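Student: File protein_28.txt follows (compact mmCIF, C-alpha atoms):
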# COMPACT_ATOMS: atom_id res chain seq x y z
CA MET A 1 -7.96 6.88 -23.90
CA GLU A 2 -6.49 4.53 -26.47
CA ILE A 3 -6.84 0.78 -26.15
CA LYS A 4 -5.33 -2.07 -28.14
CA ILE A 5 -6.96 -5.47 -28.05
CA ILE A 6 -4.52 -8.33 -27.67
CA GLU A 7 -7.02 -11.07 -27.01
CA LEU A 8 -10.79 -11.01 -26.75
CA THR A 9 -13.02 -14.04 -26.27
CA GLU A 10 -16.40 -14.36 -24.60
CA ASP A 11 -14.93 -14.68 -21.10
CA LYS A 12 -11.44 -13.28 -21.44
CA ALA A 13 -10.04 -9.91 -22.42
CA LYS A 14 -6.45 -8.78 -22.69
CA LEU A 15 -6.08 -5.09 -23.43
CA THR A 16 -3.19 -2.66 -23.69
CA PHE A 17 -3.85 0.80 -22.24
CA VAL A 18 -1.74 3.21 -24.26
CA GLY A 19 -0.10 5.96 -22.21
CA GLU A 20 -1.45 4.83 -18.84
CA ASN A 21 0.50 3.94 -15.70
CA HIS A 22 -0.11 2.58 -12.19
CA THR A 23 -2.08 5.71 -11.24
CA TYR A 24 -5.15 4.63 -13.16
CA MET A 25 -4.53 0.91 -13.72
CA ASN A 26 -4.29 -0.01 -10.05
CA LEU A 27 -7.54 1.81 -9.29
CA LEU A 28 -9.29 0.15 -12.23
CA LYS A 29 -8.04 -3.29 -11.19
CA GLU A 30 -9.17 -2.84 -7.59
CA VAL A 31 -12.63 -1.72 -8.67
CA ILE A 32 -13.03 -4.57 -11.18
CA ILE A 33 -12.07 -7.16 -8.59
CA THR A 34 -15.02 -6.19 -6.38
CA ASN A 35 -17.35 -7.54 -9.09
CA PRO A 36 -18.43 -11.11 -8.14
CA ASP A 37 -18.57 -12.21 -11.80
CA VAL A 38 -14.82 -11.72 -12.21
CA ASP A 39 -12.56 -14.74 -12.08
CA VAL A 40 -9.11 -13.17 -12.53
CA VAL A 41 -8.07 -9.57 -13.00
CA GLN A 42 -4.51 -8.31 -13.13
CA TYR A 43 -2.46 -5.74 -14.95
CA TYR A 44 1.25 -5.64 -15.67
CA SER A 45 3.79 -3.54 -17.50
CA GLU A 46 6.39 -5.51 -19.36
CA TYR A 47 9.02 -2.84 -18.77
CA THR A 48 8.85 0.04 -16.29
CA PHE A 49 7.63 2.62 -18.78
CA SER A 50 5.86 0.39 -21.31
CA ASP A 51 2.10 0.46 -21.69
CA PRO A 52 0.28 -1.63 -19.06
CA ILE A 53 -1.70 -4.69 -20.10
CA LEU A 54 -4.95 -5.57 -18.34
CA LEU A 55 -6.18 -9.14 -18.18
CA VAL A 56 -9.75 -9.92 -17.17
CA THR A 57 -11.36 -13.36 -17.14
CA THR A 58 -14.91 -13.93 -15.99
CA LYS A 59 -17.10 -16.64 -14.56
CA ASN A 60 -20.20 -17.99 -16.34
CA LYS A 61 -19.16 -16.52 -19.70
CA LYS A 62 -19.96 -12.94 -18.64
CA ASN A 63 -18.73 -10.32 -21.07
CA PRO A 64 -15.41 -8.95 -19.69
CA ILE A 65 -15.77 -5.68 -21.62
CA ASP A 66 -19.04 -4.91 -19.84
CA ILE A 67 -17.37 -5.58 -16.51
CA ILE A 68 -14.54 -3.12 -17.21
CA LYS A 69 -17.12 -0.62 -18.39
CA THR A 70 -19.13 -0.91 -15.18
CA ALA A 71 -15.96 -0.36 -13.14
CA ALA A 72 -15.04 2.75 -15.14
CA GLN A 73 -18.57 4.10 -14.68
CA GLN A 74 -18.26 3.50 -10.94
CA ILE A 75 -14.98 5.47 -10.77
CA SER A 76 -16.49 8.27 -12.81
CA LYS A 77 -19.51 8.40 -10.48
CA ASP A 78 -17.28 8.55 -7.37
CA CYS A 79 -15.20 11.39 -8.85
CA ALA A 80 -18.33 13.31 -9.79
CA SER A 81 -19.73 13.05 -6.27
CA LEU A 82 -16.43 14.22 -4.75
CA LEU A 83 -16.22 17.09 -7.23
CA ALA A 84 -19.69 18.24 -6.23
CA GLN A 85 -18.71 18.14 -2.55
CA ILE A 86 -15.48 20.07 -3.11
CA GLU A 87 -17.39 22.68 -5.08
CA LYS A 88 -19.60 23.29 -2.04
CA ALA A 89 -16.71 23.40 0.47
CA MET B 90 -17.59 8.60 -1.16
CA ASP B 91 -17.50 11.52 1.20
CA ILE B 92 -15.06 14.31 1.80
CA ALA B 93 -14.91 16.42 4.95
CA PHE B 94 -12.49 19.33 5.19
CA SER B 95 -10.91 20.21 8.49
CA ARG B 96 -8.90 22.97 6.86
CA LEU B 97 -9.17 24.56 3.43
CA GLU B 98 -6.98 27.50 2.55
CA SER B 99 -5.50 28.53 -0.76
CA GLU B 100 -2.19 26.77 0.02
CA VAL B 101 -3.12 24.00 2.47
CA ALA B 102 -5.97 21.54 2.68
CA LYS B 103 -6.59 18.84 5.25
CA PHE B 104 -9.51 16.52 4.80
CA VAL B 105 -10.87 13.07 5.49
CA LEU B 106 -11.94 10.95 2.56
CA SER B 107 -14.39 8.31 3.77
CA GLU B 108 -16.28 5.32 2.34
CA SER B 109 -13.45 4.92 -0.11
CA ILE B 110 -10.84 2.28 -0.96
CA PRO B 111 -7.03 2.47 -0.68
CA ALA B 112 -6.64 2.27 -4.47
CA PHE B 113 -8.81 5.34 -4.98
CA ALA B 114 -6.96 7.32 -2.31
CA ASN B 115 -3.67 6.42 -3.94
CA SER B 116 -4.81 7.24 -7.47
CA PHE B 117 -6.09 10.58 -6.24
CA ARG B 118 -2.77 11.32 -4.54
CA ARG B 119 -0.71 10.25 -7.54
CA THR B 120 -2.84 12.32 -9.90
CA MET B 121 -2.48 15.43 -7.76
CA ILE B 122 1.28 15.01 -7.66
CA SER B 123 2.09 14.05 -11.21
CA ASP B 124 -0.82 14.86 -13.52
CA VAL B 125 -1.80 18.41 -12.61
CA PRO B 126 -0.13 20.87 -15.00
CA LYS B 127 1.45 24.21 -14.12
CA LEU B 128 3.83 26.80 -15.52
CA ALA B 129 7.57 26.61 -14.98
CA ILE B 130 10.56 28.10 -16.77
CA GLU B 131 11.92 25.58 -19.27
CA ASP B 132 14.07 27.45 -21.80
CA VAL B 133 16.52 30.17 -20.84
CA ILE B 134 18.36 32.26 -23.40
CA ILE B 135 21.41 33.73 -21.71
CA TYR B 136 22.83 36.86 -23.32
CA ASP B 137 25.30 37.70 -20.63
CA ASN B 138 26.36 35.91 -17.46
CA ASN B 139 29.68 36.47 -15.73
CA SER B 140 28.39 35.68 -12.24
CA ALA B 141 29.86 32.95 -10.04
CA LEU B 142 27.04 30.58 -11.04
CA PHE B 143 27.22 28.61 -14.28
CA ASP B 144 24.54 29.19 -16.92
CA GLU B 145 23.05 25.76 -16.20
CA MET B 146 22.82 26.43 -12.50
CA LEU B 147 21.14 29.75 -13.12
CA ALA B 148 18.63 28.09 -15.47
CA HIS B 149 17.96 25.40 -12.88
CA ARG B 150 17.29 27.95 -10.16
CA LEU B 151 14.96 29.87 -12.49
CA GLY B 152 13.08 26.69 -13.30
CA LEU B 153 12.29 26.04 -9.65
CA ILE B 154 10.64 29.43 -9.10
CA PRO B 155 6.88 28.86 -8.72
CA LEU B 156 4.85 30.92 -11.20
CA LYS B 157 1.20 31.90 -10.82
CA THR B 158 -0.69 29.74 -13.25
CA ASN B 159 -4.00 30.31 -14.92
CA LEU B 160 -4.77 26.99 -16.55
CA SER B 161 -7.42 28.43 -18.84
CA GLU B 162 -4.88 30.84 -20.30
CA TYR B 163 -2.13 28.44 -21.33
CA LYS B 164 -2.01 25.03 -22.99
CA LYS B 165 0.62 22.36 -23.10
CA LYS B 166 3.16 23.02 -25.84
CA SER B 167 2.61 19.61 -27.43
CA GLU B 168 -1.14 20.26 -27.68
CA CYS B 169 -0.86 23.85 -28.92
CA SER B 170 -1.95 24.89 -32.41
CA CYS B 171 1.52 26.35 -33.03
CA GLY B 172 2.88 22.81 -33.18
CA GLY B 173 5.35 23.17 -30.33
CA GLU B 174 7.19 26.17 -31.74
CA GLY B 175 6.13 28.39 -28.87
CA CYS B 176 3.47 31.10 -29.08
CA SER B 177 1.61 33.32 -26.62
CA LEU B 178 -0.90 30.52 -26.00
CA CYS B 179 1.61 28.00 -24.70
CA GLU B 180 4.52 30.10 -23.49
CA SER B 181 5.08 32.88 -21.00
CA VAL B 182 8.15 35.05 -21.52
CA TYR B 183 10.27 36.72 -18.83
CA THR B 184 13.25 39.01 -19.04
CA LEU B 185 15.90 39.63 -16.44
CA SER B 186 18.76 42.06 -16.52
CA ALA B 187 20.81 42.98 -13.51
CA GLU B 188 24.19 44.49 -12.84
CA GLY B 189 26.19 44.12 -9.63
CA PRO B 190 26.62 44.79 -6.84
CA CYS B 191 23.19 43.44 -5.96
CA LEU B 192 21.20 40.39 -4.99
CA VAL B 193 19.09 39.30 -7.95
CA LYS B 194 15.65 38.24 -6.74
CA SER B 195 12.66 36.73 -8.46
CA SER B 196 11.04 40.17 -8.45
CA ASP B 197 13.69 41.20 -11.01
CA LEU B 198 12.16 38.66 -13.37
CA ILE B 199 9.88 40.84 -15.51
CA ALA B 200 6.93 38.88 -16.87
CA GLN B 201 5.35 39.91 -20.16
CA ASN B 202 2.08 38.66 -18.75
CA PRO B 203 1.70 39.97 -15.17
CA ASP B 204 -0.81 37.18 -14.43
CA ALA B 205 2.01 34.67 -14.77
CA ALA B 206 4.49 36.46 -12.50
CA PRO B 207 6.47 34.60 -9.82
CA VAL B 208 4.41 33.72 -6.73
CA THR B 209 6.86 35.57 -4.50
CA GLY B 210 9.40 38.23 -5.40
CA GLU B 211 11.69 37.32 -2.54
CA ILE B 212 13.46 34.26 -3.98
CA PRO B 213 17.21 34.97 -4.30
CA ILE B 214 18.56 33.89 -7.68
CA VAL B 215 22.19 34.99 -7.60
CA LYS B 216 24.38 37.46 -5.78
CA LEU B 217 26.40 39.77 -8.02
CA GLU B 218 29.58 41.65 -7.18
CA LYS B 219 30.71 44.87 -8.83
CA GLY B 220 31.23 44.38 -12.56
CA GLN B 221 29.21 41.17 -12.76
CA LYS B 222 26.20 41.12 -15.02
CA VAL B 223 23.31 38.84 -15.88
CA VAL B 224 21.06 39.40 -18.89
CA LEU B 225 18.67 36.68 -19.96
CA GLU B 226 15.31 35.79 -21.41
CA ALA B 227 13.28 32.91 -19.99
CA HIS B 228 10.41 30.97 -21.51
CA ALA B 229 7.97 29.19 -19.22
CA GLU B 230 5.71 26.42 -20.42
CA ILE B 231 2.96 24.19 -19.09
CA ASN B 232 3.74 20.58 -18.23
CA THR B 233 3.11 18.02 -15.49
CA GLY B 234 5.04 16.68 -12.51
CA LEU B 235 5.53 13.43 -14.40
CA GLU B 236 8.05 15.22 -16.61
CA HIS B 237 10.01 17.14 -13.97
CA ALA B 238 9.47 18.08 -10.32
CA LYS B 239 9.47 21.79 -11.22
CA TRP B 240 6.03 21.21 -12.79
CA GLN B 241 4.70 19.60 -9.64
CA SER B 242 2.23 21.92 -7.96
CA THR B 243 1.92 20.00 -4.68
CA LEU B 244 4.45 19.98 -1.85
CA ALA B 245 3.46 17.62 0.93
CA CYS B 246 0.69 15.56 -0.60
CA GLY B 247 -0.15 12.34 1.17
CA TYR B 248 -2.58 10.36 3.21
CA LYS B 249 -2.73 7.89 6.06
CA THR B 250 -5.50 5.47 6.97
CA TYR B 251 -7.79 6.61 9.74
CA PRO B 252 -6.51 5.33 13.10
CA VAL B 253 -8.74 3.16 15.28
CA ILE B 254 -7.85 2.82 18.96
CA THR B 255 -9.63 0.08 20.90
CA ILE B 256 -9.19 -0.10 24.65
CA GLY B 257 -10.14 -3.45 26.16
CA ASP B 258 -11.84 -4.19 29.49
CA ASN B 259 -8.59 -5.46 30.97
CA CYS B 260 -7.11 -1.93 31.04
CA ASP B 261 -6.06 -1.16 34.62
CA ALA B 262 -5.42 2.56 34.02
CA CYS B 263 -1.70 2.30 34.77
CA GLY B 264 -1.10 5.17 32.35
CA HIS B 265 2.10 3.78 30.81
CA CYS B 266 0.65 4.03 27.32
CA ALA B 267 -0.34 7.68 27.80
CA ASP B 268 3.19 8.50 28.98
CA GLU B 269 4.70 6.70 26.02
CA CYS B 270 2.53 8.33 23.32
CA ALA B 271 4.66 10.81 21.36
CA ARG B 272 1.62 12.57 19.89
CA HIS B 273 -0.20 12.94 23.25
CA VAL B 274 -3.33 11.21 22.00
CA LEU B 275 -4.15 9.37 25.23
CA LYS B 276 -5.18 10.59 28.67
CA LEU B 277 -5.85 8.81 31.95
CA ALA B 278 -9.49 8.68 32.99
CA LYS B 279 -10.97 7.12 36.12
CA LYS B 280 -11.07 3.45 35.17
CA SER B 281 -9.04 3.25 31.98
CA VAL B 282 -7.15 5.36 29.49
CA GLU B 283 -9.11 7.36 26.98
CA VAL B 284 -8.50 9.10 23.68
CA ILE B 285 -8.45 12.87 24.10
CA ASP B 286 -11.30 14.46 22.14
CA GLY B 287 -10.22 15.47 18.64
CA LYS B 288 -6.75 13.99 19.05
CA LEU B 289 -7.48 10.62 17.44
CA ILE B 290 -6.52 11.98 14.02
CA ASP B 291 -3.01 12.83 15.34
CA CYS B 292 -2.24 9.17 16.13
CA SER B 293 0.65 8.01 13.97
CA MET B 294 -0.10 4.33 14.59
CA CYS B 295 3.42 3.79 15.94
CA LYS B 296 2.09 1.21 18.44
CA LEU B 297 4.40 2.39 21.24
CA CYS B 298 1.32 2.29 23.51
CA GLU B 299 0.76 -1.39 22.71
CA LYS B 300 4.35 -2.16 23.67
CA ALA B 301 4.07 -0.12 26.87
CA CYS B 302 0.90 -2.00 27.75
CA VAL B 303 2.48 -5.42 27.33
CA GLY B 304 5.55 -4.15 29.18
CA SER B 305 3.46 -3.26 32.19
CA GLY B 306 2.53 -6.88 32.79
CA TRP B 307 -0.29 -7.84 30.43
CA GLU B 308 0.26 -10.82 28.19
CA ASP B 309 -2.25 -9.43 25.75
CA ALA B 310 -2.22 -5.67 25.33
CA ALA B 311 -5.40 -3.96 26.53
CA ILE B 312 -4.89 -1.18 24.00
CA ARG B 313 -4.94 -2.06 20.32
CA ILE B 314 -4.13 0.18 17.37
CA SER B 315 -5.59 -0.63 14.01
CA SER B 316 -6.64 1.35 10.99
CA ASP B 317 -9.84 1.87 9.05
CA ASN B 318 -9.16 0.95 5.43
CA THR B 319 -12.09 2.94 4.10
CA LYS B 320 -11.17 6.28 5.63
CA PHE B 321 -8.14 8.38 4.72
CA VAL B 322 -6.66 11.45 6.32
CA PHE B 323 -5.23 13.65 3.56
CA VAL B 324 -2.83 16.58 3.60
CA VAL B 325 -2.37 18.56 0.41
CA GLU B 326 -0.08 21.58 0.18
CA SER B 327 0.43 23.79 -2.82
CA ASP B 328 3.55 25.74 -3.79
CA GLY B 329 1.35 28.75 -4.54
CA SER B 330 1.13 28.42 -8.31
CA LEU B 331 -2.35 26.94 -8.11
CA PRO B 332 -4.85 27.04 -5.22
CA VAL B 333 -5.26 23.65 -3.51
CA LYS B 334 -8.92 23.51 -4.42
CA GLU B 335 -8.05 23.81 -8.08
CA ILE B 336 -5.41 21.06 -7.79
CA MET B 337 -7.96 18.71 -6.23
CA THR B 338 -10.67 19.58 -8.73
CA TYR B 339 -8.29 19.14 -11.64
CA ALA B 340 -7.07 15.76 -10.38
CA LEU B 341 -10.60 14.42 -9.89
CA THR B 342 -11.72 15.77 -13.27
CA ASP B 343 -8.69 14.07 -14.82
CA LEU B 344 -9.62 10.70 -13.27
CA LYS B 345 -13.24 11.21 -14.29
CA ASP B 346 -12.36 12.12 -17.88
CA LYS B 347 -10.15 9.05 -18.14
CA SER B 348 -12.98 6.81 -16.95
CA ASP B 349 -15.52 8.46 -19.24
CA SER B 350 -13.29 8.07 -22.26
CA LEU B 351 -12.63 4.45 -21.30
CA VAL B 352 -16.39 3.85 -21.22
CA ASP B 353 -16.71 5.41 -24.69
CA VAL B 354 -13.90 3.29 -26.11
CA LEU B 355 -15.28 0.09 -24.59
CA THR B 356 -18.76 0.88 -25.94
CA ASN B 357 -17.22 1.12 -29.40
CA ILE B 358 -15.41 -2.19 -28.93
CA SER B 359 -18.50 -4.11 -27.80
CA GLY B 360 -20.51 -2.46 -30.58
CA ALA B 361 -18.01 -3.67 -33.17
CA LEU B 362 -18.21 -7.30 -32.11
CA MET C 363 23.49 30.36 -2.87
CA ILE C 364 20.74 28.79 -0.80
CA PRO C 365 18.76 26.21 -2.85
CA VAL C 366 15.46 27.64 -4.10
CA ARG C 367 13.36 24.77 -2.77
CA CYS C 368 13.59 22.04 -0.19
CA PHE C 369 15.22 19.01 -1.84
CA THR C 370 12.68 16.60 -0.39
CA CYS C 371 9.26 18.23 -0.38
CA GLY C 372 9.75 21.13 -2.78
CA LYS C 373 8.67 23.95 -0.46
CA VAL C 374 10.25 27.28 -1.35
CA ILE C 375 12.65 27.88 1.53
CA SER C 376 15.14 30.33 -0.03
CA THR C 377 12.86 33.26 0.83
CA GLU C 378 13.45 32.66 4.53
CA TRP C 379 17.25 32.51 4.34
CA GLU C 380 18.05 36.20 4.83
CA GLU C 381 15.95 36.44 7.97
CA TYR C 382 17.23 33.11 9.29
CA LYS C 383 20.85 34.18 8.81
CA LYS C 384 20.32 37.53 10.45
CA ARG C 385 18.58 36.12 13.49
CA ARG C 386 20.97 33.17 13.85
CA ASP C 387 23.98 35.49 13.78
CA ALA C 388 22.28 37.59 16.45
CA GLY C 389 22.46 34.51 18.66
CA GLU C 390 18.88 33.29 18.55
CA ASP C 391 18.08 29.59 18.94
CA PRO C 392 17.64 28.08 15.43
CA ARG C 393 14.68 26.04 16.66
CA VAL C 394 12.76 29.16 17.60
CA ILE C 395 13.60 30.89 14.30
CA LEU C 396 12.55 27.90 12.20
CA ASP C 397 9.28 27.58 14.10
CA ASP C 398 8.67 31.31 13.55
CA LEU C 399 9.37 31.00 9.85
CA GLY C 400 6.75 28.28 9.57
CA LEU C 401 9.12 25.50 8.55
CA GLU C 402 7.30 22.58 10.04
CA ARG C 403 8.86 19.53 8.40
CA TYR C 404 12.37 18.41 9.22
CA CYS C 405 13.29 18.20 5.53
CA CYS C 406 12.76 21.96 5.15
CA ARG C 407 14.41 22.74 8.50
CA ARG C 408 17.62 20.95 7.61
CA MET C 409 17.87 22.99 4.39
CA LEU C 410 18.48 26.16 6.40
CA LEU C 411 20.21 24.54 9.36
CA THR C 412 22.91 22.88 7.27
CA HIS C 413 23.43 25.55 4.63
CA LYS C 414 26.84 27.15 4.20
CA GLU C 415 26.91 30.23 1.99
CA ILE C 416 29.99 30.15 -0.25
CA ILE C 417 29.00 32.59 -3.00
CA ASP C 418 31.21 35.31 -1.49
CA ASP C 419 34.21 32.96 -1.57
CA LEU C 420 33.48 32.04 -5.19
CA ASN C 421 32.74 35.53 -6.45
CA PRO C 422 36.39 36.63 -7.07
CA TYR C 423 36.69 33.80 -9.62
CA GLN C 424 34.89 33.68 -12.93
Could you write out this structure as structure tokens?

Tutor:
Amino acid sequence: MEIKIIELTEDKAKLTFVGENHTYMNLLKEVIITNPDVDVVQYYSEYTFSDPILLVTTKNKKNPIDIIKTAAQQISKDCASLLAQIEKA
Amino acid sequence: MDIAFSRLESEVAKFVLSESIPAFANSFRRTMISDVPKLAIEDVIIYDNNSALFDEMLAHRLGLIPLKTNLSEYKKKSECSCGGEGCSLCESVYTLSAEGPCLVKSSDLIAQNPDAAPVTGEIPIVKLEKGQKVVLEAHAEINTGLEHAKWQSTLACGYKTYPVITIGDNCDACGHCADECARHVLKLAKKSVEVIDGKLIDCSMCKLCEKACVGSGWEDAAIRISSDNTKFVFVVESDGSLPVKEIMTYALTDLKDKSDSLVDVLTNISGAL
Amino acid sequence: MIPVRCFTCGKVISTEWEEYKKRRDAGEDPRVILDDLGLERYCCRRMLLTHKEIIDDLNPYQ
């Protein structure tokens, strides 16, 4: 996955996800928002097929990158557990 | 997250995904539809065609024929070492030659690699009269449903939230709701209506029963339909080119790989600060 | 010619056409035939129900 940083401060991150679309971005956004340290999280695509931009701001100067990382790890863990269950089925 | 299959065959799967969130269910569905690759005919070289169908129409019909796909055997053309020129690693070649009078079927499509033959030989391609002739060569390649629906390996692929039917104490067992239910989910018991065992999953949440209940004199309906936002009833069907299990595994692996690579990239970013 | 797949869901329905035509012309109820052929969804059912074969009318012309 390729990421471009538009803005990165200690409590705010604005990243472009190259080649992604709603399929992954919506899931990522919904998982990030469950984190209580998050103030605002949203993603948008400027045009229908342009690369989506994710905006994350946090409370108490928490590192936004770590928060996105935790969310991605959570998704990965969920997929792995489902894969193991399908394998057995 | 848990998954429980009620049906798992090579072409159909029905299962309940529980302890999940709507966003995950939707991502899973979207990935299965548009990000799972398969083989489909893309380029057709027509040597001879004087049938009633135009060349383009013939090529379109050929493209829609599902082909058995072994994903370990072929790669996407854009990712192939041949640089997109087309080689045996990213292309499967078929030849067809037929002379009328006959009905050309997909079994007339001779695959160079028998493992990538059409799923069924019974698909009619064109009907030829006496003197009409079709001779062509077709090249199939791997791509995803995002590019064109012919590369979409799922047919009906969708989910609904798990229905929850609550029947209040004020139910007087008038039975109007059970009569109204189009899916026959409800039955009349002694004191109130009940959900028939195993039928709950059939409920389409149309709420006709709620209306019937209010219509029979209650101000507040005794029966209430709601949905459980953490449980999803899935149906996945395959067109035969890939087994359903492989479609599901591929989609989940795809989501997992994306997340893992995102973690790697973010680790690099925070390390660079 | 009958479309290869259902326009809406993508199920291959052209394989069932020959049998459908034969049985329909023999006077059987289309509903029964479609159920037999395993066409469950109404998108696939309408593909066969509403199809008119015109290839034989077109064939004399190039």

Student: Just need the residues of chain B within 10 Å of chain C, counting only C-alpha atoms, so spit them out as a ChimeraX atom specification.

Tutor: /B:138-143,149-155,194-195,209-219,221,238-239,241-246,326-329

Student: Find the residues around range 31-45 of chain A up to 12 Å (all atoms listed in the file counted), leave out those fewer than 3 positions away in its own chain, and share them as a tab-separated table (two decimals) with C-alpha atoms, keeping the file's coordinate frame.

Tutor:
chain	number	residue	atom	x	y	z
A	11	ASP	CA	-14.93	-14.68	-21.10
A	12	LYS	CA	-11.44	-13.28	-21.44
A	13	ALA	CA	-10.04	-9.91	-22.42
A	14	LYS	CA	-6.45	-8.78	-22.69
A	15	LEU	CA	-6.08	-5.09	-23.43
A	16	THR	CA	-3.19	-2.66	-23.69
A	17	PHE	CA	-3.85	0.80	-22.24
A	18	VAL	CA	-1.74	3.21	-24.26
A	19	GLY	CA	-0.10	5.96	-22.21
A	20	GLU	CA	-1.45	4.83	-18.84
A	21	ASN	CA	0.50	3.94	-15.70
A	22	HIS	CA	-0.11	2.58	-12.19
A	24	TYR	CA	-5.15	4.63	-13.16
A	25	MET	CA	-4.53	0.91	-13.72
A	26	ASN	CA	-4.29	-0.01	-10.05
A	27	LEU	CA	-7.54	1.81	-9.29
A	28	LEU	CA	-9.29	0.15	-12.23
A	48	THR	CA	8.85	0.04	-16.29
A	49	PHE	CA	7.63	2.62	-18.78
A	50	SER	CA	5.86	0.39	-21.31
A	51	ASP	CA	2.10	0.46	-21.69
A	52	PRO	CA	0.28	-1.63	-19.06
A	53	ILE	CA	-1.70	-4.69	-20.10
A	54	LEU	CA	-4.95	-5.57	-18.34
A	55	LEU	CA	-6.18	-9.14	-18.18
A	56	VAL	CA	-9.75	-9.92	-17.17
A	57	THR	CA	-11.36	-13.36	-17.14
A	58	THR	CA	-14.91	-13.93	-15.99
A	59	LYS	CA	-17.10	-16.64	-14.56
A	60	ASN	CA	-20.20	-17.99	-16.34
A	61	LYS	CA	-19.16	-16.52	-19.70
A	62	LYS	CA	-19.96	-12.94	-18.64
A	63	ASN	CA	-18.73	-10.32	-21.07
A	64	PRO	CA	-15.41	-8.95	-19.69
A	65	ILE	CA	-15.77	-5.68	-21.62
A	66	ASP	CA	-19.04	-4.91	-19.84
A	67	ILE	CA	-17.37	-5.58	-16.51
A	68	ILE	CA	-14.54	-3.12	-17.21
A	69	LYS	CA	-17.12	-0.62	-18.39
A	70	THR	CA	-19.13	-0.91	-15.18
A	71	ALA	CA	-15.96	-0.36	-13.14
A	72	ALA	CA	-15.04	2.75	-15.14
A	73	GLN	CA	-18.57	4.10	-14.68
A	74	GLN	CA	-18.26	3.50	-10.94
A	75	ILE	CA	-14.98	5.47	-10.77
A	76	SER	CA	-16.49	8.27	-12.81
A	78	ASP	CA	-17.28	8.55	-7.37
B	109	SER	CA	-13.45	4.92	-0.11
B	110	ILE	CA	-10.84	2.28	-0.96
B	111	PRO	CA	-7.03	2.47	-0.68
B	112	ALA	CA	-6.64	2.27	-4.47
B	113	PHE	CA	-8.81	5.34	-4.98
B	116	SER	CA	-4.81	7.24	-7.47
B	348	SER	CA	-12.98	6.81	-16.95

Student: Give me the residues within 12 Å of Ser177 in chain B as a PyMOL selection string, counting all atoms listed in the file and dropping any in the same chain fewer than 4 places off.

Tutor: chain B and resi 162-166+169-171+173+181-182+201-202+205+228-231

Student: Using all atoms listed in the file, find which residues of chain B lie within 7 Å of chain A and jot them down as a list in words.

Tutor: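 Listed by rising number, the hits are Met90, Asp91, Ile92, Ala112, Phe113, Ser116, Arg119, Thr120, Thr338, Leu341, Lys345, Lys347, Ser348, Asp349, Ser350, Leu351, Val352, Leu355 and Ser359 of chain B.
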
Student: Neighbours of Leu396 in chain C within 10 Å (all atoms listed in the file; same-chain residues fewer than 5 positions away dropped), as a list in words?

Tutor: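 My reading of the contact set: Glu378, Tyr382, Asp391, Leu401, Glu402, Arg403, Tyr404, Cys406, Arg407, Arg408, Leu410 and Leu411 of chain C.
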
Student: Work out how far CA of Ser167 in chain B is from CA of Leu225 in chain B, in Å to one decimal.

Tutor: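 Computing the Euclidean distance for CA of Leu225 in chain B and CA of Ser167 in chain B yields 24.6 Å.
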
Student: For CA of Asp343 in chain B and CA of Pro126 in chain B, quote the distance in Å rounded to one decimal.

Tutor: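 Computing it gives 10.9 Å between the two atoms.
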
Student: Can I get range 169-179 of chain B with N, CA and C atoms filled in, as an mmCIF file, in the coordinates of the input?

Tutor:
data_model
loop_
_atom_site.group_PDB
_atom_site.id
_atom_site.type_symbol
_atom_site.label_atom_id
_atom_site.label_comp_id
_atom_site.auth_asym_id
_atom_site.auth_seq_id
_atom_site.Cartn_x
_atom_site.Cartn_y
_atom_site.Cartn_z
ATOM 1 N N CYS B 169 -0.561 22.511 -28.436
ATOM 2 C CA CYS B 169 -0.860 23.850 -28.920
ATOM 3 C C CYS B 169 -0.959 23.869 -30.442
ATOM 4 N N SER B 170 -1.753 24.815 -30.959
ATOM 5 C CA SER B 170 -1.950 24.890 -32.410
ATOM 6 C C SER B 170 -0.678 25.338 -33.131
ATOM 7 N N CYS B 171 0.289 25.898 -32.376
ATOM 8 C CA CYS B 171 1.520 26.350 -33.030
ATOM 9 C C CYS B 171 2.437 25.176 -33.336
ATOM 10 N N GLY B 172 2.089 23.993 -32.870
ATOM 11 C CA GLY B 172 2.880 22.810 -33.180
ATOM 12 C C GLY B 172 4.160 22.702 -32.388
ATOM 13 N N GLY B 173 4.186 23.299 -31.202
ATOM 14 C CA GLY B 173 5.350 23.170 -30.330
ATOM 15 C C GLY B 173 6.440 24.190 -30.580
ATOM 16 N N GLU B 174 6.166 25.162 -31.466
ATOM 17 C CA GLU B 174 7.190 26.170 -31.740
ATOM 18 C C GLU B 174 7.285 27.196 -30.621
ATOM 19 N N GLY B 175 6.169 27.395 -29.939
ATOM 20 C CA GLY B 175 6.130 28.390 -28.870
ATOM 21 C C GLY B 175 5.415 29.646 -29.312
ATOM 22 N N CYS B 176 4.215 29.888 -28.749
ATOM 23 C CA CYS B 176 3.470 31.100 -29.080
ATOM 24 C C CYS B 176 2.882 31.641 -27.770
ATOM 25 N N SER B 177 2.109 32.705 -27.853
ATOM 26 C CA SER B 177 1.610 33.320 -26.620
ATOM 27 C C SER B 177 0.565 32.448 -25.929
ATOM 28 N N LEU B 178 0.097 31.399 -26.614
ATOM 29 C CA LEU B 178 -0.900 30.520 -26.000
ATOM 30 C C LEU B 178 -0.267 29.424 -25.159
ATOM 31 N N CYS B 179 1.006 29.120 -25.429
ATOM 32 C CA CYS B 179 1.610 28.000 -24.700
ATOM 33 C C CYS B 179 2.898 28.410 -24.003
#
